[in-house]
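Novice: One structure, as structure tokens, below. Some questions next.
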Amino acid sequence: MDHNRASRRSFLALAGATPLVATVLASCGDSGPAGASSDAATDWILTGAPKEGIRQGAVDDWNKAHEDQQIKTSSFQNDAYKAKIKTAIGAGQAPTIIFGWGGGTLRSYAQGGQVDDLTSWLQTNSGVKDRLFDAAFAAGTVDGKVYGLPTETVQPLVLFYNKKLFKQVGAEPPKTWDELMSLVPKFNAAGIAPISLGGQSRWTNMMWLELLFDRIGGPELFESIYNGQPNWTDPSAIDALTKVQDLVKADGFIKGFASITADSNADQALLYTDKAAMMLHGTWTYGGMKTDGGDFVSSGNLGYMNFPEVTGGKGDPMNTFGNPAQYVSISSKATQKQKDIALAYFKDGLLQEKEAEAYINEAGEVPIVKGIDAKFSGLEDEEWLKFTYDLATNAPSFAQSWDQALSPTEAETLLDNIEKLFGLAITPQEFASNMNAAIGK
């Protein structure tokens with residue numbers, strides 16, 4: 001990673017300073033991958049109900065009202081999108097609007113001159129910035145300049161649990177790591193997988209490590225690594241790495257987790273079909289469980305809580321990880337016409353009232369719009385929305401997901417080693433040595 005790093009402190013000091021998933025306006029050049037003409041801006045959006053429909057709906061509404069400023073969308077699954085967008089940007093064939101999560105990947109785009117600086121545009125259009133969570137801008141900012149406009153929703157990580165299964169075995173939600181470990185044999189004895197995990201996606205495994213690092217070493221531990229110090233071998237880090245392997249060895253995760261994907265929502269299905277008792281995931285999964293899980297959510301069987309504390313750890317148990325927002329950028333290779341369309345959409349089409357309310361009502365997510373909690377009252381999901389809003393805004397530290405914070409090269413090494421760690425193919429010490437060697441790459 002570039003040694004000119006943005007201070008991590010701004011991420012950690014501000015609740016909600018992590019990027020979220022955003023609607024992307026993608027624009028190709030004349031021969032871009034979406035095959036759009038150079039007159040239309042292009043926008044690659046992520047699939048998955050209910051949010052795919054919300055993203056598409058916002059673009060459709062824009063296109064109906066702006067005949068001379070059309071946006072053409074293409075849809076991709078999360079993991080496929082992450083690979084495709086990097087390839088397209090490298091080849092100079094990015095969409096007009098580039099959707100992402102900020103952090104290290106955005107930094108690499110900005111430093112490569114692949115995305116436009118939005119700072120002066122935001123100063124001219126101050127109303128755009130003023131209505132969004134202040135803390136959402138940190139992960140879209142590189143060297144003091146904004147390259148990613150925050151959009152969509154705030155997405156902290158949550159420990160979900162199946163209340164019916166907990167009742168079945170006479171268990172209470174775990175307040176500490178030791179309590180969580182003691183639940184593993186109890187659920188296994190009842191023929192229930194303790195924890196669902198879409199391990200093939202790798203970043204799902206990472207969530208367990210992120211929160212263990214935080215709870216044991218405090219947010220300063222990963223901040224020091226982010227800032228270039230070889231602290232993967234810190235005793236707190238080794239403790240966290242060891243604890244996660246203890247959980248694997250105890251059969252804490254569902255058998256075959258390494259071949260389960262998060263993109264297919266198979267991990268969510270294991271929770272709502274009573275196959276697994278717990279699942280650590282982002283708040284973005286709530287909408288999918290509500291949409292696909294029958295009466296699982298509406299009947300009150302879905303429980304949720306912040307990640308348990310680790311006794312004796314340095315991290316505040318109110319801390320969280322995840323995405324403070326999602327981000328949209330503009331490809332520097334787009335035509336001026338395409339850029340103008342994208343900026344007009346950013347100003348008057350993106351995350352307007354209809355889209356924001358759809359994230360609340362259909363996805364059960366909290367849009368990054370100031371004062372949005374006033375709209376929760378009386379809603380079916382009021383309790384959940386208030387929980388999410390409070391978790392995100394009250395967290396002393398809301399850190400950005402590691403694979404987004406780190407450089408793309410470092411992040412790929414991380415995910416590769418996490419897969420091996422969870423597969424018990426390497427020891428915690430080997431993981432730490434491999435990651436220290438990757439710092440600065």
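Ordered as shown in the structure tokens, chains take letters A, B, and onward, while each chain numbers its residues from 1 and ligands are numbered from 1 in the order shown.
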Got a sec: who's within 12 Å of Gly100 of chain A, counting only C-alpha atoms, leaving out chain neighbours fewer than 4 positions off, as a PyMOL selection string?
Specialist: chain A and resi 18-26+43-46+78-79+81-83+85-86+104-107+109+115+139-140+147-152+323-330+403-405
Novice: Take the selection from the previous step and output its residues with N, CA and C atoms, as a CSV table (one decimal), in the first residue's frame.
Specialist:
chain,number,residue,atom,x,y,z
A,18,THR,N,-17.3,4.0,7.9
A,18,THR,CA,-17.0,3.0,6.9
A,18,THR,C,-17.9,3.1,5.7
A,19,PRO,N,-17.3,2.8,4.5
A,19,PRO,CA,-18.1,2.9,3.3
A,19,PRO,C,-19.2,1.8,3.2
A,20,LEU,N,-20.3,2.1,2.5
A,20,LEU,CA,-21.3,1.1,2.3
A,20,LEU,C,-21.4,0.7,0.9
A,21,VAL,N,-22.4,0.0,0.5
A,21,VAL,CA,-22.6,-0.4,-0.9
A,21,VAL,C,-23.3,0.7,-1.6
A,22,ALA,N,-22.9,1.1,-2.7
A,22,ALA,CA,-23.6,2.2,-3.4
A,22,ALA,C,-24.1,1.9,-4.7
A,23,THR,N,-25.0,2.6,-5.2
A,23,THR,CA,-25.5,2.5,-6.6
A,23,THR,C,-24.4,3.0,-7.5
A,24,VAL,N,-24.1,2.3,-8.5
A,24,VAL,CA,-23.0,2.8,-9.3
A,24,VAL,C,-23.6,3.2,-10.7
A,25,LEU,N,-23.1,4.4,-11.1
A,25,LEU,CA,-23.4,4.8,-12.5
A,25,LEU,C,-22.2,4.4,-13.2
A,26,ALA,N,-22.3,3.5,-14.1
A,26,ALA,CA,-21.1,3.1,-14.8
A,26,ALA,C,-21.1,3.7,-16.2
A,43,ASP,N,-23.9,2.4,-15.7
A,43,ASP,CA,-24.0,2.2,-14.2
A,43,ASP,C,-24.1,0.7,-14.0
A,44,TRP,N,-23.1,0.2,-13.3
A,44,TRP,CA,-23.2,-1.2,-12.9
A,44,TRP,C,-23.7,-1.4,-11.5
A,45,ILE,N,-24.7,-2.1,-11.3
A,45,ILE,CA,-25.4,-2.3,-10.0
A,45,ILE,C,-25.2,-3.7,-9.5
A,46,LEU,N,-25.3,-3.8,-8.2
A,46,LEU,CA,-25.2,-5.2,-7.6
A,46,LEU,C,-26.6,-5.8,-7.5
A,78,ASN,N,-22.1,-9.6,-6.3
A,78,ASN,CA,-21.1,-8.9,-5.5
A,78,ASN,C,-19.6,-9.3,-5.9
A,79,ASP,N,-19.3,-10.6,-5.7
A,79,ASP,CA,-18.0,-11.1,-5.9
A,79,ASP,C,-17.5,-10.9,-7.4
A,81,TYR,N,-18.7,-8.7,-9.5
A,81,TYR,CA,-18.5,-7.3,-9.7
A,81,TYR,C,-17.1,-6.8,-9.3
A,82,LYS,N,-16.7,-7.2,-8.1
A,82,LYS,CA,-15.4,-6.8,-7.5
A,82,LYS,C,-14.3,-7.1,-8.5
A,83,ALA,N,-14.4,-8.3,-9.1
A,83,ALA,CA,-13.3,-8.7,-10.0
A,83,ALA,C,-13.5,-8.0,-11.4
A,85,ILE,N,-14.9,-5.1,-12.1
A,85,ILE,CA,-14.7,-3.6,-12.1
A,85,ILE,C,-13.2,-3.3,-12.1
A,86,LYS,N,-12.4,-4.1,-11.4
A,86,LYS,CA,-11.0,-3.8,-11.4
A,86,LYS,C,-10.4,-4.0,-12.8
A,104,GLY,N,-9.0,1.4,0.5
A,104,GLY,CA,-7.7,1.2,-0.2
A,104,GLY,C,-7.9,1.1,-1.7
A,105,THR,N,-9.0,0.4,-2.1
A,105,THR,CA,-9.3,0.3,-3.6
A,105,THR,C,-9.5,1.6,-4.2
A,106,LEU,N,-10.3,2.5,-3.6
A,106,LEU,CA,-10.6,3.8,-4.1
A,106,LEU,C,-9.3,4.6,-4.2
A,107,ARG,N,-8.4,4.4,-3.1
A,107,ARG,CA,-7.2,5.1,-3.1
A,107,ARG,C,-6.3,4.7,-4.3
A,109,TYR,N,-7.4,3.7,-7.2
A,109,TYR,CA,-8.0,4.3,-8.4
A,109,TYR,C,-7.6,5.8,-8.5
A,115,VAL,N,-10.2,7.9,-11.5
A,115,VAL,CA,-11.5,8.5,-11.0
A,115,VAL,C,-11.4,10.0,-10.8
A,139,ALA,N,-14.2,7.4,4.3
A,139,ALA,CA,-13.7,6.3,3.4
A,139,ALA,C,-13.8,6.6,1.9
A,140,GLY,N,-14.4,7.8,1.6
A,140,GLY,CA,-14.5,8.2,0.2
A,140,GLY,C,-13.4,9.3,-0.1
A,147,TYR,N,-13.2,11.5,-3.7
A,147,TYR,CA,-13.3,10.8,-4.9
A,147,TYR,C,-14.5,9.8,-5.0
A,148,GLY,N,-15.0,9.6,-3.8
A,148,GLY,CA,-16.2,8.7,-3.7
A,148,GLY,C,-17.3,9.4,-3.0
A,149,LEU,N,-18.4,9.6,-3.6
A,149,LEU,CA,-19.6,10.2,-3.0
A,149,LEU,C,-20.3,9.1,-2.2
A,150,PRO,N,-20.5,9.3,-0.9
A,150,PRO,CA,-21.2,8.3,-0.1
A,150,PRO,C,-22.7,8.2,-0.5
A,151,THR,N,-23.2,7.0,-0.5
A,151,THR,CA,-24.6,6.8,-0.8
A,151,THR,C,-25.1,5.6,-0.1
A,152,GLU,N,-26.4,5.3,-0.4
A,152,GLU,CA,-27.1,4.1,0.1
A,152,GLU,C,-27.2,4.1,1.7
A,323,ASN,N,-19.5,-1.2,6.8
A,323,ASN,CA,-19.5,-0.1,5.8
A,323,ASN,C,-20.2,1.1,6.3
A,324,PRO,N,-19.5,2.2,6.5
A,324,PRO,CA,-20.2,3.5,6.9
A,324,PRO,C,-21.1,4.0,5.8
A,325,ALA,N,-20.9,3.5,4.5
A,325,ALA,CA,-21.7,3.9,3.4
A,325,ALA,C,-21.2,3.0,2.2
A,326,GLN,N,-21.9,3.2,1.1
A,326,GLN,CA,-21.3,2.7,-0.2
A,326,GLN,C,-20.9,4.0,-0.9
A,327,TYR,N,-20.2,3.8,-2.0
A,327,TYR,CA,-19.6,5.0,-2.7
A,327,TYR,C,-19.8,4.9,-4.2
A,328,VAL,N,-20.0,6.1,-4.8
A,328,VAL,CA,-20.0,6.2,-6.2
A,328,VAL,C,-18.9,7.2,-6.7
A,329,SER,N,-18.2,6.8,-7.7
A,329,SER,CA,-17.2,7.6,-8.3
A,329,SER,C,-17.4,7.8,-9.8
A,330,ILE,N,-16.7,8.7,-10.4
A,330,ILE,CA,-16.9,8.9,-11.8
A,330,ILE,C,-15.6,8.6,-12.6
A,403,ASP,N,-10.7,-5.6,3.9
A,403,ASP,CA,-10.5,-5.8,2.5
A,403,ASP,C,-10.8,-4.5,1.7
A,404,GLN,N,-11.5,-3.6,2.3
A,404,GLN,CA,-11.7,-2.3,1.6
A,404,GLN,C,-10.7,-1.3,2.1
A,405,ALA,N,-10.3,-1.4,3.3
A,405,ALA,CA,-9.3,-0.4,3.8
A,405,ALA,C,-7.9,-0.6,3.2
Novice: If we count only C-alpha atoms, what is near Ala356 of chain A at a cut-off of 9 Å, once residues fewer than 2 positions away on the same chain are taken out, given as number ranges by chain?
Specialist: A: 152-153, 351-354, 358-361, 366-369, 372
Novice: Check segment 49-277 of chain A with DSSP on the backbone and list each residue it calls strand (DSSP E or B), as a PyMOL selection string.
Specialist: chain A and resi 71-76+97-100+115+132+141-142+145-146+149-151+153-162+176+193-195+253+276-277
Novice: So that I have them on file, write out the residues from the current selection with N, CA and C atoms, as an mmCIF file, in the first residue's frame.
Specialist:
data_model
loop_
_atom_site.group_PDB
_atom_site.id
_atom_site.type_symbol
_atom_site.label_atom_id
_atom_site.label_comp_id
_atom_site.auth_asym_id
_atom_site.auth_seq_id
_atom_site.Cartn_x
_atom_site.Cartn_y
_atom_site.Cartn_z
ATOM 1 N N ILE A 71 -29.212 6.855 -18.406
ATOM 2 C CA ILE A 71 -28.240 5.992 -17.719
ATOM 3 C C ILE A 71 -28.602 4.547 -18.020
ATOM 4 N N LYS A 72 -27.637 3.767 -18.455
ATOM 5 C CA LYS A 72 -27.874 2.353 -18.771
ATOM 6 C C LYS A 72 -27.195 1.487 -17.722
ATOM 7 N N THR A 73 -27.952 0.532 -17.170
ATOM 8 C CA THR A 73 -27.416 -0.306 -16.093
ATOM 9 C C THR A 73 -27.075 -1.712 -16.577
ATOM 10 N N SER A 74 -26.110 -2.308 -15.883
ATOM 11 C CA SER A 74 -25.826 -3.740 -15.993
ATOM 12 C C SER A 74 -25.726 -4.257 -14.565
ATOM 13 N N SER A 75 -26.151 -5.503 -14.346
ATOM 14 C CA SER A 75 -26.195 -6.047 -12.980
ATOM 15 C C SER A 75 -25.181 -7.168 -12.796
ATOM 16 N N PHE A 76 -24.538 -7.184 -11.627
ATOM 17 C CA PHE A 76 -23.530 -8.202 -11.317
ATOM 18 C C PHE A 76 -23.659 -8.649 -9.864
ATOM 19 N N ILE A 97 -20.172 5.495 -13.988
ATOM 20 C CA ILE A 97 -20.309 5.557 -12.536
ATOM 21 C C ILE A 97 -19.746 4.278 -11.939
ATOM 22 N N ILE A 98 -18.770 4.436 -11.055
ATOM 23 C CA ILE A 98 -18.074 3.292 -10.459
ATOM 24 C C ILE A 98 -18.534 3.149 -9.022
ATOM 25 N N PHE A 99 -19.200 2.053 -8.750
ATOM 26 C CA PHE A 99 -19.710 1.773 -7.405
ATOM 27 C C PHE A 99 -18.632 1.067 -6.589
ATOM 28 N N GLY A 100 -18.547 1.364 -5.303
ATOM 29 C CA GLY A 100 -17.546 0.694 -4.475
ATOM 30 C C GLY A 100 -17.737 0.980 -3.005
ATOM 31 N N VAL A 115 -10.235 7.898 -11.464
ATOM 32 C CA VAL A 115 -11.516 8.473 -11.042
ATOM 33 C C VAL A 115 -11.356 9.974 -10.822
ATOM 34 N N LEU A 132 -26.026 14.365 4.014
ATOM 35 C CA LEU A 132 -25.515 13.013 4.281
ATOM 36 C C LEU A 132 -24.727 12.960 5.583
ATOM 37 N N THR A 141 -12.598 9.556 0.877
ATOM 38 C CA THR A 141 -11.636 10.655 0.771
ATOM 39 C C THR A 141 -10.213 10.112 0.694
ATOM 40 N N VAL A 142 -9.429 10.641 -0.231
ATOM 41 C CA VAL A 142 -8.029 10.238 -0.410
ATOM 42 C C VAL A 142 -7.181 11.504 -0.400
ATOM 43 N N LYS A 145 -9.012 14.786 -0.485
ATOM 44 C CA LYS A 145 -9.926 15.067 -1.599
ATOM 45 C C LYS A 145 -10.962 13.945 -1.725
ATOM 46 N N VAL A 146 -12.201 14.334 -2.044
ATOM 47 C CA VAL A 146 -13.286 13.357 -2.145
ATOM 48 C C VAL A 146 -13.345 12.778 -3.564
ATOM 49 N N LEU A 149 -18.440 9.595 -3.641
ATOM 50 C CA LEU A 149 -19.586 10.205 -2.973
ATOM 51 C C LEU A 149 -20.322 9.125 -2.194
ATOM 52 N N PRO A 150 -20.483 9.293 -0.877
ATOM 53 C CA PRO A 150 -21.194 8.260 -0.109
ATOM 54 C C PRO A 150 -22.664 8.190 -0.501
ATOM 55 N N THR A 151 -23.204 6.994 -0.479
ATOM 56 C CA THR A 151 -24.606 6.801 -0.832
ATOM 57 C C THR A 151 -25.147 5.560 -0.138
ATOM 58 N N THR A 153 -26.602 3.061 2.318
ATOM 59 C CA THR A 153 -26.951 2.834 3.732
ATOM 60 C C THR A 153 -25.726 2.585 4.607
ATOM 61 N N VAL A 154 -25.927 2.750 5.894
ATOM 62 C CA VAL A 154 -24.878 2.425 6.857
ATOM 63 C C VAL A 154 -25.035 0.956 7.236
ATOM 64 N N GLN A 155 -23.913 0.214 7.233
ATOM 65 C CA GLN A 155 -23.998 -1.243 7.378
ATOM 66 C C GLN A 155 -22.994 -1.800 8.388
ATOM 67 N N PRO A 156 -23.311 -1.702 9.674
ATOM 68 C CA PRO A 156 -22.455 -2.347 10.670
ATOM 69 C C PRO A 156 -22.629 -3.865 10.656
ATOM 70 N N LEU A 157 -21.679 -4.565 11.245
ATOM 71 C CA LEU A 157 -21.772 -6.017 11.390
ATOM 72 C C LEU A 157 -22.583 -6.351 12.639
ATOM 73 N N VAL A 158 -23.365 -7.418 12.522
ATOM 74 C CA VAL A 158 -24.285 -7.805 13.600
ATOM 75 C C VAL A 158 -24.205 -9.317 13.796
ATOM 76 N N LEU A 159 -24.306 -9.766 15.049
ATOM 77 C CA LEU A 159 -24.440 -11.198 15.311
ATOM 78 C C LEU A 159 -25.937 -11.525 15.330
ATOM 79 N N PHE A 160 -26.381 -12.177 14.256
ATOM 80 C CA PHE A 160 -27.785 -12.607 14.173
ATOM 81 C C PHE A 160 -27.927 -13.971 14.842
ATOM 82 N N TYR A 161 -29.127 -14.244 15.382
ATOM 83 C CA TYR A 161 -29.349 -15.580 15.940
ATOM 84 C C TYR A 161 -30.814 -15.976 15.793
ATOM 85 N N ASN A 162 -31.020 -17.269 15.786
ATOM 86 C CA ASN A 162 -32.355 -17.855 15.613
ATOM 87 C C ASN A 162 -32.953 -18.101 17.006
ATOM 88 N N THR A 176 -20.370 -12.881 26.022
ATOM 89 C CA THR A 176 -18.902 -12.915 25.964
ATOM 90 C C THR A 176 -18.461 -14.009 24.988
ATOM 91 N N ALA A 193 -26.235 -26.769 13.556
ATOM 92 C CA ALA A 193 -24.942 -26.104 13.346
ATOM 93 C C ALA A 193 -24.899 -24.846 14.209
ATOM 94 N N PRO A 194 -23.853 -24.662 15.006
ATOM 95 C CA PRO A 194 -23.810 -23.462 15.845
ATOM 96 C C PRO A 194 -23.825 -22.162 15.014
ATOM 97 N N ILE A 195 -23.007 -22.136 13.931
ATOM 98 C CA ILE A 195 -22.849 -20.881 13.184
ATOM 99 C C ILE A 195 -22.885 -21.144 11.684
ATOM 100 N N PHE A 253 -18.511 -23.789 13.105
ATOM 101 C CA PHE A 253 -19.146 -23.416 11.842
ATOM 102 C C PHE A 253 -19.768 -24.644 11.183
ATOM 103 N N ALA A 276 -28.968 -23.545 11.302
ATOM 104 C CA ALA A 276 -27.868 -22.949 12.066
ATOM 105 C C ALA A 276 -28.426 -21.956 13.069
ATOM 106 N N ALA A 277 -27.726 -21.819 14.196
ATOM 107 C CA ALA A 277 -28.243 -20.993 15.290
ATOM 108 C C ALA A 277 -27.808 -19.531 15.225
#
Novice: Considering only C-alpha atoms, can you say which of A:Asp130, A:Asp274, A:Asp251, A:Asp60 comes closest to Pro185 of chain A?
Specialist: A:Asp251
Novice: Between A:Glu52, A:Asp134, A:Glu412, A:Asp214, single out the one closest to Met318 of chain A, counting only C-alpha atoms.
Specialist: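 Closest residue, counting only C-alpha atoms: A:Asp214.
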Novice: Tell me which protein, DNA and RNA residues are within 6 Å of segment 256-273 of chain A, counting only C-alpha atoms, leaving out same-chain ones fewer than 4 positions away, and put them as a PyMOL selection string.
Specialist: chain A and resi 196-201+293+296
Novice: Let me see the file: selected residues, N, CA, C and O atoms, as a PDB file, in the first residue's frame.
Specialist:
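Final output, out.pdb:
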ATOM      1  N   SER A 196     -23.682 -20.372  10.978  1.00  0.00           N
ATOM      2  CA  SER A 196     -23.697 -20.392   9.510  1.00  0.00           C
ATOM      3  C   SER A 196     -22.547 -19.526   8.997  1.00  0.00           C
ATOM      4  O   SER A 196     -22.256 -18.479   9.569  1.00  0.00           O
ATOM      5  N   LEU A 197     -21.920 -19.973   7.907  1.00  0.00           N
ATOM      6  CA  LEU A 197     -20.816 -19.195   7.326  1.00  0.00           C
ATOM      7  C   LEU A 197     -20.690 -19.507   5.841  1.00  0.00           C
ATOM      8  O   LEU A 197     -20.563 -20.668   5.456  1.00  0.00           O
ATOM      9  N   GLY A 198     -20.732 -18.449   5.012  1.00  0.00           N
ATOM     10  CA  GLY A 198     -20.493 -18.616   3.570  1.00  0.00           C
ATOM     11  C   GLY A 198     -19.015 -18.475   3.288  1.00  0.00           C
ATOM     12  O   GLY A 198     -18.553 -17.497   2.704  1.00  0.00           O
ATOM     13  N   GLY A 199     -18.243 -19.484   3.714  1.00  0.00           N
ATOM     14  CA  GLY A 199     -16.789 -19.374   3.732  1.00  0.00           C
ATOM     15  C   GLY A 199     -16.114 -19.305   2.375  1.00  0.00           C
ATOM     16  O   GLY A 199     -14.976 -18.854   2.274  1.00  0.00           O
ATOM     17  N   GLN A 200     -16.798 -19.751   1.318  1.00  0.00           N
ATOM     18  CA  GLN A 200     -16.171 -19.694   0.000  1.00  0.00           C
ATOM     19  C   GLN A 200     -15.923 -18.247  -0.430  1.00  0.00           C
ATOM     20  O   GLN A 200     -15.022 -17.961  -1.211  1.00  0.00           O
ATOM     21  N   SER A 201     -16.726 -17.337   0.106  1.00  0.00           N
ATOM     22  CA  SER A 201     -16.589 -15.921  -0.255  1.00  0.00           C
ATOM     23  C   SER A 201     -15.417 -15.237   0.470  1.00  0.00           C
ATOM     24  O   SER A 201     -15.057 -14.121   0.125  1.00  0.00           O
ATOM     25  N   GLY A 293     -37.209 -15.433   3.716  1.00  0.00           N
ATOM     26  CA  GLY A 293     -37.294 -16.332   4.864  1.00  0.00           C
ATOM     27  C   GLY A 293     -38.683 -16.652   5.361  1.00  0.00           C
ATOM     28  O   GLY A 293     -38.840 -17.052   6.529  1.00  0.00           O
ATOM     29  N   PHE A 296     -39.982 -15.913   9.061  1.00  0.00           N
ATOM     30  CA  PHE A 296     -38.888 -15.936  10.042  1.00  0.00           C
ATOM     31  C   PHE A 296     -38.725 -14.584  10.739  1.00  0.00           C
ATOM     32  O   PHE A 296     -38.636 -14.508  11.965  1.00  0.00           O
TER      33      PHE A 296
END
Novice: Where in segment 271-407 of chain A does DSSP assign helix (DSSP H, G or I), given as a PyMOL selection string?
Specialist: chain A and resi 271-272+285-292+336-348+353-361+372-375+382-394+402-405
